[in-house]
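> Got a structure for you, written out below as structure tokens; questions coming shortly.
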Amino acid sequence: MDLAQLLKDLSESSGVSGYENMPADIITKAWSELADEVRRDALGNVIAAKKGKGHGKLLLAAHIDEIGLMVKKIDERGFIRFATVGGFDFRTLVAQEVIVHGKKQLKGVIGAKPPHLQAPNEQKKAYPEDEFYIDVGLTADKVKELVRIGDMITIERKVQQLAGSRYAGKSFDDRACVVMLTACLSRLAEVNHNLDVYLVATVQEEVGTRGAAVAAYGVDPDLAIAVDVCHGEFPGVRADRGFSLGKGPVISMGPDTHPKILDKLKEIADEAKISYQLEASTSAGGTDAWSIQVARAGIACTLVSLPLRYMHTSVETLDLADIKEGGRLLAEFALKADRQFVEGLPCF
Amino acid sequence: MFLKELSEASGISSREQEIRDLIREYVKPNVDEVFTDSLGNLYAVKGKDKVGPKVMLAAHMDEVGLMITNIEKNGLLRFSPVGGVDPRVLVSKPVAIGKNKVIGVIGAKAIHLQRPEERSQVLGYDDLYIDIGASDDEEAKKLVKTGDVVVFATKFQELGDLLLGKAFDDRAGCTALIELTKCEFACPVYFVFTVQEEVGLRGAGPASYRVAPDVALVLEGTTASDVGETDEANYSTTLGEGPAVTIMDRSVISHPGVVSMLFKLARENGIPLQMKRTITGGTDAGKISLSRGGVPTAVMAVPCRYIHSPVTVMNYNDLQHMVKLAEIFVQEIAQKGVELS
């Protein structure tokens, strides 16, 4: 499996929360080559089963939805006003290229007032959120014919290859972690592993970790690992909130972390010489782990993260080496965690 | 198309080599002589020894952009603007650095890590970095160096009925000038592709001194703000209504005789032409009009939305109309001379 290509395909596809068909189709195709069975549930979650020796059911989840925009109004001159779906910093939207998903896909740009026409101190203030609009270069009549209120809008960004094994692009949160699950699946296809593994590409995470709750109910696993992005180190980011790119996946320690899974992951990583980082994550929530943990009668769960700079911008930056290393960690876990370990999870 | 290649090529003020090389190749077959001066201005001359007024047509090759000013220990790059770049357009964009077009991105702290009040503050040049993926300064220095220039990594493309790209200011003018070298004129014509317009109209003065024209026309890309909820009085120019003539800006009052001639010729030939309705900005006309003993000069420009940003938008018809009108203008000058009334 060419992971860099899969990362590019997934990142450049469009799938705002609730409308994840395009990335879902891509991952369905990729997983079908490696898993025993791939299905889609009522909300659109893509679920792949890879049977092992039957020591227990492990759910691995990463989300495929992305933050995006939605058409709110088309003005009399054809400019499009929008609402946000998921958390945007409006400062990252200025002069951005977008795709409006109308009757057909329309290229658009979010405008920016030229310096020549600004009042003297205007550059000292961020653009007010109500002044943003999209220009699709068409007359109002044409726009109204092709675009309706409620149509989704995605940021357009091609994946940029940077130095070494680093890449920049949009929606690496969290499709990069779907690639990590795929890396894991590729390894599992070659070995006889203890746990039966269910990989889930979840939907609607960005609007409240919704898909994961339904998927966890559906799969009914014995234990679960959610995989999501964490912040990459960067000037202005506190050292305890930012993790190094290229130094391996981050194992989270917090309320959504089952202590025995945490210890097992560390033990397995040390044995297999997998580099990892540790995050003390006191403020749980915000990832699929939060929903999965409390699904049905409660599921032993933890969170593994991928360091990502500039999260929720269109130039999110990561190191592919971390994706591969994370895939190895997840696969080793499915290989080595056994029935005895699984049966001990409820015993505190 | 010249415009596509010129738009995607890199040419920050004083580093116009890529643009100059492209233009030189384009114009060579059409003109008698091509030469450069010590600033880097490129001259293409046609009909040097013909009788009649000497006409100078000018467009600037340079674009606004950034320059790398420091490589930090952590491998991130510090930068400063070259020309007027609002830092607010830079956030969350890819850029191309130096001759090898090394790709970098300008990121921002994730929204999750911001206090609410931070989101209304501008990320200025002191807060922004270019990230080329280097893990430290040693790795970064293998790819880029201090002083390397940086352009927006924008691909030229269609946007509905319009065109989207970077640096239409003034590659639109350069494209028009290249097209005009194909025309035959009855008078001497100097096509001048100037340098360093964006950092203070630096190239045009010496160029105009050298050419010593009887009349000059500057071809530009100019501001259009016919968008969103802008009040119509502040549109400056409107896309699709033809090129715009500057009456006055911060650098020049266009020669009234030349301006009336342009409007008369536009009317007679059914070419749409509009007046620029703001008086901000400046162009090479400012320097050309004051060179030597003074030169009757006017500015005609293609309206560009979101000028000086990575996503400039223009209407190709406006460019074609500008070429046509400029051609007719020079023919008229060749026949009748410069009307100074």
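Residue numbering restarts at 1 for every chain of the structure tokens, chains are lettered A, B, ... in their displayed order, and ligands are numbered from 1 as they appear.
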Name the residues in contact with Ala207 of chain B at a cut-off of 10 Å, using only C-alpha atoms, excluding same-chain residues fewer than 2 positions from it; report them as a tab-separated table (two decimals) with C-alpha atoms, in the first residue's frame.

chain	number	residue	atom	x	y	z
B	36	THR	CA	18.75	45.70	-20.87
B	37	ASP	CA	20.18	48.43	-18.64
B	39	LEU	CA	18.93	48.15	-13.27
B	40	GLY	CA	17.54	45.22	-15.21
B	41	ASN	CA	14.86	47.05	-17.22
B	42	LEU	CA	14.21	45.24	-20.49
B	43	TYR	CA	13.75	47.31	-23.67
B	56	MET	CA	7.05	54.52	-24.73
B	58	ALA	CA	5.67	50.41	-20.11
B	192	VAL	CA	9.81	48.84	-21.71
B	193	PHE	CA	9.45	46.11	-19.12
B	194	THR	CA	10.48	47.80	-15.88
B	195	VAL	CA	11.88	46.51	-12.59
B	202	ARG	CA	12.46	52.50	-9.01
B	203	GLY	CA	13.03	51.21	-12.54
B	204	ALA	CA	10.79	53.46	-14.62
B	205	GLY	CA	12.62	56.76	-14.00
B	209	TYR	CA	15.39	59.04	-19.07
B	210	ARG	CA	17.08	56.64	-21.48
B	211	VAL	CA	14.18	56.45	-23.96
B	212	ALA	CA	13.28	60.16	-23.76
B	213	PRO	CA	9.79	59.56	-25.18
B	287	LYS	CA	8.29	58.66	-12.61
B	288	ILE	CA	7.92	58.64	-16.39
B	291	SER	CA	11.52	62.44	-16.30
> I need the contact residues of chain A against chain B, so if you could list those with any atom within 8 Å, counting only C-alpha atoms, and return them as a PyMOL selection string, that would help.
chain A and resi 77+79+87-97+106-109+111-117+123-128+131+133+136-138+160-164+166-168+231+234+236-237+309-317
> Can you work out which one of B:Leu6, B:Leu77, B:Ala334, B:Ala266 has the shortest atom-to-atom distance to Cys174 of chain B, counting only C-alpha atoms?
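Going through B:Leu6, B:Leu77, B:Ala334, B:Ala266 one by one, the smallest distance to Cys174 of chain B is for B:Leu6.
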> Residues at most 9 Å from segment 228-230 of chain A, counting only C-alpha atoms, excluding those fewer than 5 positions away in the same chain, as number ranges by chain?
A: 61-63, 172-178, 241-243, 250, 287-289, 303-309, 311
> Would you output that residue set with N, CA and C atoms, as an mmCIF file, in the first residue's frame?

data_model
loop_
_atom_site.group_PDB
_atom_site.id
_atom_site.type_symbol
_atom_site.label_atom_id
_atom_site.label_comp_id
_atom_site.auth_asym_id
_atom_site.auth_seq_id
_atom_site.Cartn_x
_atom_site.Cartn_y
_atom_site.Cartn_z
ATOM 1 N N ALA A 61 -10.392 3.446 15.645
ATOM 2 C CA ALA A 61 -11.227 4.463 14.993
ATOM 3 C C ALA A 61 -10.442 5.722 14.658
ATOM 4 N N ALA A 62 -10.676 6.244 13.475
ATOM 5 C CA ALA A 62 -10.154 7.557 13.079
ATOM 6 C C ALA A 62 -11.196 8.189 12.167
ATOM 7 N N HIS A 63 -11.363 9.502 12.228
ATOM 8 C CA HIS A 63 -12.494 10.095 11.496
ATOM 9 C C HIS A 63 -12.116 10.618 10.110
ATOM 10 N N PHE A 172 -5.755 16.645 7.113
ATOM 11 C CA PHE A 172 -4.911 15.598 7.702
ATOM 12 C C PHE A 172 -5.520 15.208 9.050
ATOM 13 N N ASP A 173 -6.189 16.190 9.677
ATOM 14 C CA ASP A 173 -7.074 15.948 10.814
ATOM 15 C C ASP A 173 -8.407 15.497 10.240
ATOM 16 N N ASP A 174 -8.712 14.235 10.166
ATOM 17 C CA ASP A 174 -8.000 13.141 10.821
ATOM 18 C C ASP A 174 -7.709 12.049 9.806
ATOM 19 N N ARG A 175 -7.719 12.451 8.519
ATOM 20 C CA ARG A 175 -7.555 11.405 7.500
ATOM 21 C C ARG A 175 -6.147 10.825 7.534
ATOM 22 N N ALA A 176 -5.172 11.588 8.069
ATOM 23 C CA ALA A 176 -3.820 11.037 8.226
ATOM 24 C C ALA A 176 -3.861 9.829 9.163
ATOM 25 N N CYS A 177 -4.759 9.874 10.140
ATOM 26 C CA CYS A 177 -4.857 8.758 11.085
ATOM 27 C C CYS A 177 -5.630 7.585 10.474
ATOM 28 N N VAL A 178 -6.477 7.870 9.492
ATOM 29 C CA VAL A 178 -7.092 6.780 8.727
ATOM 30 C C VAL A 178 -5.997 6.065 7.934
ATOM 31 N N ARG A 241 1.834 20.935 25.378
ATOM 32 C CA ARG A 241 0.712 20.780 24.441
ATOM 33 C C ARG A 241 1.184 20.487 23.015
ATOM 34 N N GLY A 242 2.478 20.652 22.762
ATOM 35 C CA GLY A 242 2.992 20.467 21.409
ATOM 36 C C GLY A 242 4.004 19.338 21.346
ATOM 37 N N PHE A 243 3.840 18.436 20.380
ATOM 38 C CA PHE A 243 4.709 17.260 20.285
ATOM 39 C C PHE A 243 5.544 17.293 19.027
ATOM 40 N N VAL A 250 1.929 9.599 19.657
ATOM 41 C CA VAL A 250 1.799 10.070 21.035
ATOM 42 C C VAL A 250 0.763 9.203 21.738
ATOM 43 N N THR A 287 -12.270 13.982 21.040
ATOM 44 C CA THR A 287 -11.928 12.930 20.077
ATOM 45 C C THR A 287 -12.938 11.798 20.184
ATOM 46 N N ASP A 288 -12.864 10.882 19.221
ATOM 47 C CA ASP A 288 -13.772 9.742 19.203
ATOM 48 C C ASP A 288 -13.640 8.877 20.458
ATOM 49 N N ALA A 289 -12.475 8.926 21.132
ATOM 50 C CA ALA A 289 -12.272 8.124 22.342
ATOM 51 C C ALA A 289 -13.353 8.440 23.377
ATOM 52 N N LEU A 303 -6.427 6.576 23.641
ATOM 53 C CA LEU A 303 -6.221 7.473 22.512
ATOM 54 C C LEU A 303 -4.746 7.458 22.117
ATOM 55 N N VAL A 304 -4.508 7.218 20.838
ATOM 56 C CA VAL A 304 -3.159 7.379 20.285
ATOM 57 C C VAL A 304 -3.218 8.539 19.308
ATOM 58 N N SER A 305 -2.207 9.408 19.344
ATOM 59 C CA SER A 305 -2.287 10.627 18.528
ATOM 60 C C SER A 305 -1.105 10.782 17.593
ATOM 61 N N LEU A 306 -1.344 11.587 16.570
ATOM 62 C CA LEU A 306 -0.330 11.897 15.571
ATOM 63 C C LEU A 306 -0.012 13.392 15.673
ATOM 64 N N PRO A 307 1.254 13.748 15.883
ATOM 65 C CA PRO A 307 1.587 15.186 15.981
ATOM 66 C C PRO A 307 1.313 15.901 14.655
ATOM 67 N N LEU A 308 0.626 17.034 14.748
ATOM 68 C CA LEU A 308 0.223 17.783 13.560
ATOM 69 C C LEU A 308 0.332 19.274 13.853
ATOM 70 N N ARG A 309 1.112 19.955 13.027
ATOM 71 C CA ARG A 309 1.193 21.413 13.181
ATOM 72 C C ARG A 309 0.036 22.088 12.459
ATOM 73 N N MET A 311 -3.140 22.740 13.095
ATOM 74 C CA MET A 311 -4.403 22.009 13.002
ATOM 75 C C MET A 311 -5.563 22.934 12.618
#
> How would you write, as a PyMOL selection string, the set of residues in segment 5-179 of chain A that DSSP gives as strand (DSSP E)?
chain A and resi 37-40+46-50+57-63+68-74+80-85+97-101+105-110+134-135+152-155+160-161+166-169
> List every residue of segment 89-264 of chain A that DSSP, applied to the backbone of this structure, assigns to alpha helix (DSSP H), and report them as a CSV table (one decimal) with N, CA and C atoms, in the first residue's frame.

chain,number,residue,atom,x,y,z
A,140,ALA,N,-24.8,36.5,-11.0
A,140,ALA,CA,-25.7,36.1,-9.9
A,140,ALA,C,-26.7,35.1,-10.4
A,141,ASP,N,-27.2,35.3,-11.7
A,141,ASP,CA,-28.2,34.3,-12.2
A,141,ASP,C,-27.6,32.9,-12.3
A,142,LYS,N,-26.4,32.9,-12.8
A,142,LYS,CA,-25.7,31.6,-13.0
A,142,LYS,C,-25.5,30.9,-11.7
A,143,VAL,N,-25.0,31.7,-10.7
A,143,VAL,CA,-24.7,31.2,-9.4
A,143,VAL,C,-26.0,30.6,-8.8
A,144,LYS,N,-27.1,31.4,-8.9
A,144,LYS,CA,-28.4,30.9,-8.3
A,144,LYS,C,-28.9,29.6,-9.0
A,145,GLU,N,-28.5,29.5,-10.3
A,145,GLU,CA,-28.9,28.3,-11.0
A,145,GLU,C,-28.2,27.1,-10.5
A,146,LEU,N,-26.9,27.3,-10.1
A,146,LEU,CA,-26.0,26.1,-9.8
A,146,LEU,C,-25.9,25.9,-8.3
A,172,PHE,N,-5.8,16.6,7.1
A,172,PHE,CA,-4.9,15.6,7.7
A,172,PHE,C,-5.5,15.2,9.0
A,173,ASP,N,-6.2,16.2,9.7
A,173,ASP,CA,-7.1,15.9,10.8
A,173,ASP,C,-8.4,15.5,10.2
A,174,ASP,N,-8.7,14.2,10.2
A,174,ASP,CA,-8.0,13.1,10.8
A,174,ASP,C,-7.7,12.0,9.8
A,175,ARG,N,-7.7,12.5,8.5
A,175,ARG,CA,-7.6,11.4,7.5
A,175,ARG,C,-6.1,10.8,7.5
A,176,ALA,N,-5.2,11.6,8.1
A,176,ALA,CA,-3.8,11.0,8.2
A,176,ALA,C,-3.9,9.8,9.2
A,177,CYS,N,-4.8,9.9,10.1
A,177,CYS,CA,-4.9,8.8,11.1
A,177,CYS,C,-5.6,7.6,10.5
A,178,VAL,N,-6.5,7.9,9.5
A,178,VAL,CA,-7.1,6.8,8.7
A,178,VAL,C,-6.0,6.1,7.9
A,179,VAL,N,-5.0,6.8,7.5
A,179,VAL,CA,-3.9,6.2,6.8
A,179,VAL,C,-3.1,5.4,7.8
A,180,MET,N,-3.0,5.9,9.0
A,180,MET,CA,-2.3,5.1,10.1
A,180,MET,C,-3.0,3.7,10.3
A,181,LEU,N,-4.3,3.8,10.3
A,181,LEU,CA,-5.1,2.5,10.5
A,181,LEU,C,-4.8,1.6,9.3
A,182,THR,N,-4.6,2.2,8.1
A,182,THR,CA,-4.4,1.4,6.9
A,182,THR,C,-3.0,0.8,7.0
A,183,ALA,N,-2.0,1.5,7.5
A,183,ALA,CA,-0.7,1.0,7.7
A,183,ALA,C,-0.7,-0.2,8.7
A,184,CYS,N,-1.5,-0.1,9.7
A,184,CYS,CA,-1.7,-1.2,10.7
A,184,CYS,C,-2.3,-2.4,9.9
A,185,LEU,N,-3.3,-2.1,9.2
A,185,LEU,CA,-4.0,-3.2,8.4
A,185,LEU,C,-3.1,-4.0,7.5
A,186,SER,N,-2.2,-3.2,6.8
A,186,SER,CA,-1.3,-3.8,5.9
A,186,SER,C,-0.4,-4.8,6.6
A,187,ARG,N,0.0,-4.4,7.8
A,187,ARG,CA,0.9,-5.4,8.6
A,187,ARG,C,0.1,-6.6,9.1
A,188,LEU,N,-1.1,-6.3,9.5
A,188,LEU,CA,-2.0,-7.4,10.0
A,188,LEU,C,-2.3,-8.5,8.9
A,210,ARG,N,-19.8,12.1,16.7
A,210,ARG,CA,-21.1,11.4,16.6
A,210,ARG,C,-21.0,10.0,16.0
A,211,GLY,N,-20.3,9.9,14.9
A,211,GLY,CA,-20.2,8.7,14.2
A,211,GLY,C,-19.6,7.6,15.0
A,212,ALA,N,-18.6,7.9,15.9
A,212,ALA,CA,-17.9,6.9,16.7
A,212,ALA,C,-18.9,6.2,17.7
A,213,ALA,N,-19.8,7.0,18.2
A,213,ALA,CA,-20.7,6.5,19.2
A,213,ALA,C,-21.5,5.3,18.6
A,214,VAL,N,-22.0,5.6,17.4
A,214,VAL,CA,-22.9,4.6,16.7
A,214,VAL,C,-22.0,3.4,16.2
A,215,ALA,N,-20.8,3.7,15.8
A,215,ALA,CA,-19.9,2.6,15.3
A,215,ALA,C,-19.6,1.7,16.5
A,216,ALA,N,-19.3,2.3,17.7
A,216,ALA,CA,-18.9,1.5,18.8
A,216,ALA,C,-20.1,0.6,19.3
A,217,TYR,N,-21.3,1.2,19.2
A,217,TYR,CA,-22.5,0.3,19.5
A,217,TYR,C,-22.6,-0.8,18.5
A,218,GLY,N,-22.4,-0.5,17.2
A,218,GLY,CA,-22.5,-1.5,16.2
A,218,GLY,C,-21.5,-2.6,16.3
A,219,VAL,N,-20.3,-2.3,16.5
A,219,VAL,CA,-19.2,-3.3,16.6
A,219,VAL,C,-19.2,-4.0,17.9
A,259,PRO,N,-6.0,2.4,32.1
A,259,PRO,CA,-4.6,2.3,32.5
A,259,PRO,C,-3.9,1.1,32.0
A,260,LYS,N,-4.7,0.0,31.9
A,260,LYS,CA,-4.0,-1.3,31.5
A,260,LYS,C,-3.6,-1.2,30.0
A,261,ILE,N,-4.5,-0.5,29.2
A,261,ILE,CA,-4.1,-0.4,27.8
A,261,ILE,C,-2.9,0.5,27.6
A,262,LEU,N,-2.9,1.5,28.4
A,262,LEU,CA,-1.8,2.5,28.4
A,262,LEU,C,-0.5,1.7,28.7
A,263,ASP,N,-0.5,0.9,29.8
A,263,ASP,CA,0.8,0.2,30.1
A,263,ASP,C,1.1,-0.8,29.1
A,264,LYS,N,0.1,-1.5,28.5
A,264,LYS,CA,0.4,-2.5,27.5
A,264,LYS,C,1.0,-1.8,26.2
> Closest to Lys155 of chain B among A:Asn192, A:Arg157, A:Ile299, A:Asp256, using only C-alpha atoms?
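So, comparing all the options, the nearest one is A:Arg157.
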> Quick one: pull the distance between atom CA of Tyr316 of chain B and atom CA of Cys187 of chain B, Å, one decimal.
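Calculated distance between atom CA of Tyr316 of chain B and atom CA of Cys187 of chain B is 28.3 Å.
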> Any idea what's packed within 8 Å of segment 334-339 of chain A, counting only C-alpha atoms, ignoring anything in its chain fewer than 5 positions away? Could you give it as a list in words?
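Final neighbour list, sorted by chain and number: His55, Gly56, Leu58, Leu188, Val191, Asn192, His193, Asn194, Leu195, Asp196, Val197, Lys264 and Ile268 of chain A.
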> Can you tell me which residues surround segment 24-28 of chain A at a distance of at most 7 Å, considering only C-alpha atoms, apart from same-chain residues fewer than 2 positions away, and format the answer as a list in words?
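In the requested format, the answer is Leu10, Glu20, Asn21, Met22, Ala30, Trp31, Ser32, Val38 and Val46 of chain A.
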> Quick one: everything within 6 Å of Val55 of chain B, counting only C-alpha atoms, minus sequence neighbours fewer than 2 positions away in the same chain. Send it as an MDAnalysis selection string.
chainID B and resid 189 213 215:216
> Could you write those residues out with C-alpha atoms, as a PDB file, in the first residue's frame?

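Result saved to again_33.pdb:
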ATOM      1  CA  VAL B 189       7.894  52.486 -30.283  1.00  0.00           C
ATOM      2  CA  PRO B 213       9.791  59.556 -25.180  1.00  0.00           C
ATOM      3  CA  VAL B 215       4.443  60.347 -25.038  1.00  0.00           C
ATOM      4  CA  ALA B 216       4.078  57.376 -22.698  1.00  0.00           C
TER       5      ALA B 216
END
> For segment 64-70 of chain A, list every protein, DNA or RNA residue within 8 Å, evaluated using only C-alpha atoms, and leave out those in the same chain fewer than 5 positions away; present the list as a ChimeraX atom specification.
/A:14-20,23-24,82-88,149-155,171,173-175,178,201-206,312
> Residues of the last selection are to be written out with C-alpha atoms, as an mmCIF file, in the first residue's frame.

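Okay, this is what ended up in out.cif:
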data_model
loop_
_atom_site.group_PDB
_atom_site.id
_atom_site.type_symbol
_atom_site.label_atom_id
_atom_site.label_comp_id
_atom_site.auth_asym_id
_atom_site.auth_seq_id
_atom_site.Cartn_x
_atom_site.Cartn_y
_atom_site.Cartn_z
ATOM 1 C CA SER A 14 -14.011 16.609 -0.082
ATOM 2 C CA GLY A 15 -16.064 15.436 2.875
ATOM 3 C CA VAL A 16 -17.502 17.901 5.338
ATOM 4 C CA SER A 17 -19.177 16.356 8.408
ATOM 5 C CA GLY A 18 -22.345 14.567 7.306
ATOM 6 C CA TYR A 19 -21.200 14.435 3.658
ATOM 7 C CA GLU A 20 -18.263 12.026 3.825
ATOM 8 C CA PRO A 23 -13.273 9.943 1.331
ATOM 9 C CA ALA A 24 -15.452 6.996 2.447
ATOM 10 C CA PHE A 82 -21.344 31.101 4.338
ATOM 11 C CA ALA A 83 -21.665 29.441 7.723
ATOM 12 C CA THR A 84 -18.981 27.185 9.220
ATOM 13 C CA VAL A 85 -19.238 23.450 9.880
ATOM 14 C CA GLY A 86 -16.666 22.707 12.589
ATOM 15 C CA GLY A 87 -14.130 25.011 14.220
ATOM 16 C CA PHE A 88 -12.478 27.559 11.906
ATOM 17 C CA ILE A 149 -28.575 27.442 0.326
ATOM 18 C CA GLY A 150 -27.158 24.537 2.366
ATOM 19 C CA ASP A 151 -24.666 23.378 -0.266
ATOM 20 C CA MET A 152 -21.333 22.385 1.229
ATOM 21 C CA ILE A 153 -18.079 24.206 0.574
ATOM 22 C CA THR A 154 -14.622 22.753 1.111
ATOM 23 C CA ILE A 155 -11.212 24.383 1.170
ATOM 24 C CA SER A 171 -7.940 17.554 6.519
ATOM 25 C CA ASP A 173 -7.074 15.948 10.814
ATOM 26 C CA ASP A 174 -8.000 13.141 10.821
ATOM 27 C CA ARG A 175 -7.555 11.405 7.500
ATOM 28 C CA VAL A 178 -7.092 6.780 8.727
ATOM 29 C CA ALA A 201 -13.357 5.417 9.475
ATOM 30 C CA THR A 202 -15.847 7.462 11.479
ATOM 31 C CA VAL A 203 -18.104 10.303 10.355
ATOM 32 C CA GLN A 204 -19.218 13.547 12.022
ATOM 33 C CA GLU A 205 -16.388 13.787 14.533
ATOM 34 C CA GLU A 206 -15.892 17.528 14.025
ATOM 35 C CA HIS A 312 -7.633 23.161 11.276
#
> Which is closer to Arg78 of chain B than all the others in B:His255, B:Lys336, B:Lys145, B:Arg267, using only C-alpha atoms?
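Checking each of B:His255, B:Lys336, B:Lys145, B:Arg267 against Arg78 of chain B, counting only C-alpha atoms, the winner is B:Lys145.
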> One decimal, Å: what's the distance from atom CA of Gly257 of chain B over to atom CA of Pro206 of chain B, could you say?
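Atom CA of Gly257 of chain B sits 24.4 Å away from atom CA of Pro206 of chain B.
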> Ranking B:Ala176, B:Ala96, B:Val338, B:Val82 by minimum distance to Leu3 of chain B and counting only C-alpha atoms, which one comes first?
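For Leu3 of chain B, the nearest of the given residues is B:Ala176.
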> Grab the atom CA of Cys183 of chain B to atom CA of Gly270 of chain B distance for me, in Å with one decimal place.
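Between atom CA of Cys183 of chain B and atom CA of Gly270 of chain B the gap is 19.7 Å.
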> Of the residues B:Leu180, B:Met61, B:Val302, B:Val259, which is the one nearest to Thr237 of chain B, using only C-alpha atoms?
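For Thr237 of chain B, the nearest of the candidates is B:Val302.
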